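Student: Sending over a structure as structure tokens; questions will come in a sec.
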Amino acid sequence: MDDLERLADEIRRADTAVAFTGAGISAPSGVPTFRGDDGVWEKFDEGQFAYGRFQRDPEGFWSDRVDLQREMFDEEYEPNAAHEALAAMGRDGDLEAILTQNTDGLHGEAADSVREEAASDGDETTVLELHGNSQRVRCTDCGKRRDGDPIFERAADGELPPTCECGGVFKPDVVLFGEQLPGAVIQRARSLARESDVFLAIGSSLVVEPAASLPRLAASAGATVGIVNLESTPCDDIADAVLREDVTGVLPRLRDMAAE
Ligand code: APR
């Protein structure tokens, strides 16, 4: 039995299988990754997007953020075969939750489209966006969330920083460097990792928290850990299976095998 067959077999037998995803799952959709030669942080200084800067200099932060948003989300991205495979596993009851540090919303879109396809009204897979969603903004005073596009447009037209009708400053609805992840979200992610029988880490360099610790937490609670990533990661040593392949090749195969 090879690593993929073993993982599929474990998923079939698991009560709780959980997937954790990073920028690598969206790379085949054209969304740029953060690290690596073509990574966004080669072109932009990540320090400029820190929470401290947003608080100190919201005008400068927003001006740079408009450029980053253009670089990252200028095109309309579509979910790829890997998002679709995970969404189908969720719909078929093989996957309890998808934890993602991506902010592109593609897991939600894939879940919507597989649900429509099968007109399924079964249990919904939890999609937990640990770092928020780049397509939204949130008012730092009243907390109201809004579609981001019109607000980014206002900022691009010179409203720096853009503000809510209550007068509060908008912030992209994402977790910035130096900002705490919401406590409830991180607790939920940790308990899902602890409860999981199978924990798949997909398309993440596993260097930024909580990505770095969730696979270890799952492994120490007894889960079978599988890693799908083009490059090696600091968690490869604790994984039961490491598949150094493209996500769009591996995940549809894993889905088919787990459904057999
Ligand atoms: N198939 C499999 N793996 C891939 C593919 C692919 N098609 N394309 C890229 N990868 C891998 C790369 O080898 C890399 O190790 O995906 C990984 C992406 O790593 P990062 O760019 O570091 O992304 P991620 O781990 O999600 O970054 C974490 O850092 O700056 C932040 O907040 C940002 O959420 C992000 C966090």
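Every chain in the structure tokens takes a letter, A first, then B, and so on in the order presented; its residues are numbered from 1, and the ligands are numbered from 1 following the presented order.
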Could you please extract the residues within 6 Å of ligand 1, counting only C-alpha atoms and all ligand atoms, and hand them back as a PyMOL selection string?
Tutor: chain A and resi 22-25+27-28+33-35+101-102+203-206+208+229-231+245-247
Student: Go ahead and write the residues just picked, C-alpha atoms, as a compact mmCIF listing (two decimals), in the first residue's frame.
Tutor:
# COMPACT_ATOMS: atom_id res chain seq x y z
CA GLY A 22 -2.44 27.20 2.96
CA ALA A 23 -1.56 29.31 -0.06
CA GLY A 24 -0.37 26.26 -2.06
CA ILE A 25 -3.93 25.02 -2.59
CA ALA A 27 -1.67 28.61 -6.31
CA PRO A 28 -3.08 26.47 -9.18
CA THR A 33 1.73 32.50 -2.66
CA PHE A 34 3.47 34.51 0.03
CA ARG A 35 6.86 32.83 0.20
CA GLN A 101 -5.20 30.34 6.41
CA ASN A 102 -6.14 31.53 2.95
CA GLY A 203 -0.22 23.49 0.45
CA SER A 204 1.31 25.22 3.44
CA SER A 205 4.93 25.87 4.30
CA LEU A 206 3.81 25.26 7.93
CA VAL A 208 3.54 30.60 10.46
CA ASN A 229 3.11 20.09 -0.36
CA LEU A 230 5.57 20.67 -3.19
CA GLU A 231 8.39 21.52 -0.79
CA GLU A 245 3.15 16.62 -5.31
CA ASP A 246 0.78 19.16 -6.82
CA VAL A 247 -2.44 19.47 -4.82
Student: Which residues of segment 107-142 of chain A come within 8 Å of segment 85-88 of chain A, and for each one, what is the closest pair of atoms and their distance in Å to one decimal, counting only C-alpha atoms, sorted by chain and residue number, as JSON lines?
Tutor:
{"residue": "A:His107", "atom": "CA", "partner": "A:Ala87", "partner_atom": "CA", "distance": 7.1}
{"residue": "A:Ala110", "atom": "CA", "partner": "A:Ala87", "partner_atom": "CA", "distance": 6.0}
{"residue": "A:Ala111", "atom": "CA", "partner": "A:Ala87", "partner_atom": "CA", "distance": 4.9}
{"residue": "A:Val114", "atom": "CA", "partner": "A:Ala88", "partner_atom": "CA", "distance": 6.3}
{"residue": "A:Thr125", "atom": "CA", "partner": "A:Ala87", "partner_atom": "CA", "distance": 7.9}
Student: When you count only C-alpha atoms, which of these residues is closest to Ser63 of chain A: A:Arg145, A:Arg154, A:Arg188, A:Arg12?
Tutor: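 The shortest atom-to-atom distance to Ser63 of chain A comes from A:Arg154.
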Student: Skip Asp141 of chain A itself and residues of its chain fewer than 4 positions away, then list as a list in words all residues within 9 Å of it, counting only C-alpha atoms.
Tutor: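 In the requested form, the answer reads Cys164, Cys166, Gly167, Gly168, Val169 and Phe170 of chain A.
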Student: Would you output that residue set with N, CA and C atoms, as a JSON list (two decimals), in the first residue's frame?
Tutor:
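Listing of out-v4.json after writing:
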[["chain", "number", "residue", "atom", "x", "y", "z"],
["A", 164, "CYS", "N", -16.32, 54.12, 7.67],
["A", 164, "CYS", "CA", -17.70, 53.62, 7.74],
["A", 164, "CYS", "C", -18.65, 54.80, 7.96],
["A", 166, "CYS", "N", -20.47, 55.19, 10.35],
["A", 166, "CYS", "CA", -20.42, 55.56, 11.79],
["A", 166, "CYS", "C", -19.19, 56.41, 12.09],
["A", 167, "GLY", "N", -18.29, 56.55, 11.11],
["A", 167, "GLY", "CA", -17.08, 57.37, 11.32],
["A", 167, "GLY", "C", -15.85, 56.53, 11.61],
["A", 168, "GLY", "N", -16.05, 55.24, 11.91],
["A", 168, "GLY", "CA", -14.91, 54.36, 12.22],
["A", 168, "GLY", "C", -14.10, 54.05, 10.97],
["A", 169, "VAL", "N", -12.84, 53.71, 11.19],
["A", 169, "VAL", "CA", -11.94, 53.37, 10.08],
["A", 169, "VAL", "C", -12.17, 51.91, 9.69],
["A", 170, "PHE", "N", -12.26, 51.64, 8.40],
["A", 170, "PHE", "CA", -12.35, 50.26, 7.93],
["A", 170, "PHE", "C", -10.98, 49.61, 7.99]]
Student: Hey, what does DSSP flag as alpha helix (DSSP H) within segment 13-71 of chain A? Can you give it to me as a ChimeraX atom specification?
Tutor: /A:13,23-26,40-43,51-56,58-71
Student: Out of A:Gly90, A:Pro150, A:Pro210, A:Gly158, which residue has the shortest atom-to-atom distance to Val127 of chain A when counting only C-alpha atoms?
Tutor: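 Result for the nearest residue to Val127 of chain A: A:Gly90.
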Student: Of the candidates A:Ala211, A:Ala241, A:Met1, A:Ala97, which one gets nearest to Glu195 of chain A if we count only C-alpha atoms?
Tutor: A:Ala97
Student: Neighbours of segment 232-237 of chain A within 9 Å (only C-alpha atoms; same-chain residues fewer than 6 positions away dropped), as a list in words?
Tutor: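 Here the qualifying residues turn out to be Ser204, Ser205, Leu206, Val207, Ala212, Ser213, Pro215, Arg216, Gly226 and Arg244 of chain A.
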Student: Given the selection you just returned, output its residues as a file containing C-alpha atoms, formatted as a CSV table (one decimal), in the first residue's frame.
Tutor:
chain,number,residue,atom,x,y,z
A,204,SER,CA,1.3,25.2,3.4
A,205,SER,CA,4.9,25.9,4.3
A,206,LEU,CA,3.8,25.3,7.9
A,207,VAL,CA,6.1,28.0,9.3
A,212,ALA,CA,3.2,25.3,12.5
A,213,SER,CA,1.7,23.8,15.6
A,215,PRO,CA,-0.2,19.2,12.7
A,216,ARG,CA,1.9,18.5,15.9
A,226,GLY,CA,-0.7,13.5,6.0
A,244,ARG,CA,5.5,16.1,-2.4
Student: Taking only C-alpha atoms into account, which of A:Met72, A:Ala259, A:Val18, A:Leu106 comes nearest Val40 of chain A?
Tutor: A:Met72
Student: For segment 50-62 of chain A, find every residue with an atom within 6 Å (counting only C-alpha atoms), except residues of its own chain fewer than 6 positions away, and show them as a PyMOL selection string.
Tutor: chain A and resi 160-161+176-179
Student: Atom CA of Asp256 of chain A and atom CA of Asp2 of chain A are how many Å apart?
Tutor: 15.1 Å
Student: So, with only C-alpha atoms as the atoms that count, which of A:Gln48, A:Ser26, A:Thr163, A:Thr100 lies closest to Pro79 of chain A?
Tutor: A:Ser26
Student: For Leu95 of chain A, which residue out of A:Leu68, A:Leu251, A:Ile11, A:Ala223 is the nearest one, using only C-alpha atoms?
Tutor: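 Nearest to Leu95 of chain A: A:Ile11.
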